[in-house]
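Engineer: Structure provided below as structure tokens; questions to follow.
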Amino acid sequence: MDVNHLPLLEHVARTGKPVLLSTGMATLGEVERALGVLRSAGAGPVALLHCVSIYPAPDDSINLRTIHTWRQAFDVPVGYSDHTLGTAVPLAPSRWARV
């Protein structure tokens, strides 16, 4: 759960390179704090990945609407890191993430 490893986030941010930040198991407040650390330490563009930290993740635990929540809350690009079996969830209509 590196979203809470603030010294690591500062070190990564100081490179000035783009950052992909996985949000698995993180709360809204933890993501907000991580983004603040990255931004204040000079990170390049930051994108979030919605992730459920269960391997494999049951389809009913995914909640693709979280993607919309992260986008609205933080105004950054948000993707999805899939840990489900099969192709049903990754092929779900993209509109689900925008609802």
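The way I read the labels, and the way they are meant: chains A, B, ... in the order of the structure tokens, residue 1 as the first residue of every chain, and ligand 1 as the first ligand shown, with later ones counted on from there.
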Considering only C-alpha atoms, return as a VMD selection string whatever protein or nucleic-acid residues lie within 8 Å of Ile67 (chain A), sequence-local ones (same chain, fewer than 2 positions apart) excluded.
Structural biologist: chain A and resid 50 64 to 65 69 to 71 78 to 80 97 to 98
Engineer: Excluding same-chain residues fewer than 4 positions from His83 (chain A), what lies within 8 Å of it counting only C-alpha atoms, as a VMD selection string?
Structural biologist: chain A and resid 51 to 57
Engineer: Keeping only N, CA, C and O atoms, write those residues as a compact mmCIF listing (two decimals), in the first residue's frame.
Structural biologist:
# COMPACT_ATOMS: atom_id res chain seq x y z
N CYS A 51 -8.31 0.12 -8.14
CA CYS A 51 -7.87 -1.27 -7.98
C CYS A 51 -8.53 -1.86 -6.75
O CYS A 51 -8.67 -1.18 -5.73
N VAL A 52 -8.95 -3.10 -6.84
CA VAL A 52 -9.44 -3.84 -5.69
C VAL A 52 -8.36 -4.84 -5.32
O VAL A 52 -7.96 -5.66 -6.14
N SER A 53 -7.85 -4.75 -4.11
CA SER A 53 -6.69 -5.55 -3.70
C SER A 53 -7.09 -6.92 -3.18
O SER A 53 -6.79 -7.29 -2.05
N ILE A 54 -7.78 -7.66 -4.02
CA ILE A 54 -8.13 -9.05 -3.76
C ILE A 54 -7.69 -9.82 -5.00
O ILE A 54 -7.94 -9.38 -6.12
N TYR A 55 -7.05 -10.97 -4.81
CA TYR A 55 -6.52 -11.72 -5.95
C TYR A 55 -7.04 -13.15 -5.91
O TYR A 55 -6.64 -13.89 -5.03
N PRO A 56 -7.90 -13.57 -6.80
CA PRO A 56 -8.59 -12.75 -7.79
C PRO A 56 -9.74 -11.99 -7.14
O PRO A 56 -10.28 -12.42 -6.12
N ALA A 57 -10.11 -10.89 -7.73
CA ALA A 57 -11.21 -10.06 -7.20
C ALA A 57 -12.54 -10.57 -7.73
O ALA A 57 -12.70 -10.75 -8.94
Engineer: As a list in words, list the residues of region 11-81 of chain A assigned to helix (DSSP H, G or I) by DSSP on the backbone atoms of this structure.
Structural biologist: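 So the helix (DSSP H, G or I) residues in region 11-81 of chain A would be His11, Val12, Ala13, Leu28, Gly29, Glu30, Val31, Glu32, Arg33, Ala34, Leu35, Gly36, Val37, Leu38, Arg39, Ser40, Asp59, Asp60, Ser61, Arg65, Thr66, Ile67, His68, Thr69, Trp70, Arg71, Gln72, Ala73 and Phe74 of chain A.
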Engineer: Looking only at the backbone, which of the residues in region 10-53 of chain A does DSSP tag as strand (DSSP E or B), as a list of chain:residue names?
Structural biologist: A:Val19, A:Leu20, A:Leu21, A:Ser22, A:Val46, A:Ala47, A:Leu48, A:Leu49, A:His50, A:Cys51
Engineer: Selected residues, C-alpha atoms, written as an mmCIF file, in the first residue's frame, please.
Structural biologist:
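Heads up, here's the output in result_4.cif:
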data_model
loop_
_atom_site.group_PDB
_atom_site.id
_atom_site.type_symbol
_atom_site.label_atom_id
_atom_site.label_comp_id
_atom_site.auth_asym_id
_atom_site.auth_seq_id
_atom_site.Cartn_x
_atom_site.Cartn_y
_atom_site.Cartn_z
ATOM 1 C CA VAL A 19 3.245 8.887 -11.778
ATOM 2 C CA LEU A 20 0.676 6.076 -11.887
ATOM 3 C CA LEU A 21 -0.716 5.693 -8.379
ATOM 4 C CA SER A 22 -2.700 2.575 -7.533
ATOM 5 C CA VAL A 46 -0.330 11.971 -11.975
ATOM 6 C CA ALA A 47 -2.934 9.382 -12.919
ATOM 7 C CA LEU A 48 -4.811 7.111 -10.528
ATOM 8 C CA LEU A 49 -5.647 3.453 -10.998
ATOM 9 C CA HIS A 50 -8.790 2.125 -9.339
ATOM 10 C CA CYS A 51 -7.869 -1.266 -7.981
#
Engineer: Do a neighbour search on region 36-41 of chain A at 9 Å with only C-alpha atoms, toss out local chain neighbours closer than 5 positions, and write the hits as a ChimeraX atom specification.
Structural biologist: /A:6-7,9-14,16,19,31,46
Engineer: Would you write out those residues with N, CA and C atoms, as a PDB file, in the first residue's frame?
Structural biologist:
ATOM      1  N   LEU A   6       4.678   7.865   2.380  1.00  0.00           N
ATOM      2  CA  LEU A   6       4.927   9.255   1.977  1.00  0.00           C
ATOM      3  C   LEU A   6       6.377   9.549   1.612  1.00  0.00           C
ATOM      4  N   PRO A   7       7.374   9.014   2.325  1.00  0.00           N
ATOM      5  CA  PRO A   7       8.754   9.260   1.895  1.00  0.00           C
ATOM      6  C   PRO A   7       9.025   8.700   0.489  1.00  0.00           C
ATOM      7  N   LEU A   9       6.762   8.360  -1.919  1.00  0.00           N
ATOM      8  CA  LEU A   9       6.070   9.245  -2.853  1.00  0.00           C
ATOM      9  C   LEU A   9       6.859  10.532  -3.082  1.00  0.00           C
ATOM     10  N   GLU A  10       7.443  11.093  -2.033  1.00  0.00           N
ATOM     11  CA  GLU A  10       8.280  12.293  -2.189  1.00  0.00           C
ATOM     12  C   GLU A  10       9.481  12.006  -3.075  1.00  0.00           C
ATOM     13  N   HIS A  11      10.120  10.884  -2.854  1.00  0.00           N
ATOM     14  CA  HIS A  11      11.292  10.509  -3.652  1.00  0.00           C
ATOM     15  C   HIS A  11      10.910  10.357  -5.127  1.00  0.00           C
ATOM     16  N   VAL A  12       9.822   9.670  -5.384  1.00  0.00           N
ATOM     17  CA  VAL A  12       9.344   9.482  -6.762  1.00  0.00           C
ATOM     18  C   VAL A  12       9.000  10.833  -7.383  1.00  0.00           C
ATOM     19  N   ALA A  13       8.323  11.676  -6.633  1.00  0.00           N
ATOM     20  CA  ALA A  13       7.898  12.982  -7.153  1.00  0.00           C
ATOM     21  C   ALA A  13       9.086  13.844  -7.545  1.00  0.00           C
ATOM     22  N   ARG A  14      10.161  13.765  -6.785  1.00  0.00           N
ATOM     23  CA  ARG A  14      11.332  14.600  -7.069  1.00  0.00           C
ATOM     24  C   ARG A  14      11.974  14.279  -8.415  1.00  0.00           C
ATOM     25  N   GLY A  16      10.309  14.235 -11.085  1.00  0.00           N
ATOM     26  CA  GLY A  16       9.570  15.044 -12.046  1.00  0.00           C
ATOM     27  C   GLY A  16       8.886  14.235 -13.129  1.00  0.00           C
ATOM     28  N   VAL A  19       3.468   9.889 -12.816  1.00  0.00           N
ATOM     29  CA  VAL A  19       3.245   8.887 -11.778  1.00  0.00           C
ATOM     30  C   VAL A  19       1.905   8.214 -11.991  1.00  0.00           C
ATOM     31  N   VAL A  31      -5.812   8.988  -0.572  1.00  0.00           N
ATOM     32  CA  VAL A  31      -5.472   9.366  -1.935  1.00  0.00           C
ATOM     33  C   VAL A  31      -5.233  10.869  -2.012  1.00  0.00           C
ATOM     34  N   VAL A  46       0.039  13.125 -12.791  1.00  0.00           N
ATOM     35  CA  VAL A  46      -0.330  11.971 -11.975  1.00  0.00           C
ATOM     36  C   VAL A  46      -1.645  11.402 -12.476  1.00  0.00           C
TER      37      VAL A  46
END
Engineer: Interatomic distance between CA of Gly29 (chain A) and CA of Thr84 (chain A)?
Structural biologist: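 Interatomic distance, CA of Gly29 (chain A) to CA of Thr84 (chain A): 25.7 Å.
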Engineer: Between A:Gly24, A:Ala43, A:Arg33, A:Leu8, single out the one closest to Asp82 (chain A), counting only C-alpha atoms.
Structural biologist: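 Closest to Asp82 (chain A) of all the choices is A:Gly24.
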Engineer: What does the distance between CA of Met25 (chain A) and CA of Thr66 (chain A) come to in Å, to one decimal place?
Structural biologist: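 One can read the CA of Met25 (chain A) to CA of Thr66 (chain A) distance as 12.1 Å.
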Engineer: For a test of reading the model, state the distance in Å between CA of Ala26 (chain A) and CA of Asp2 (chain A), rounded to one decimal.
Structural biologist: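 Rounded to one decimal, the two atoms are 9.5 Å apart.
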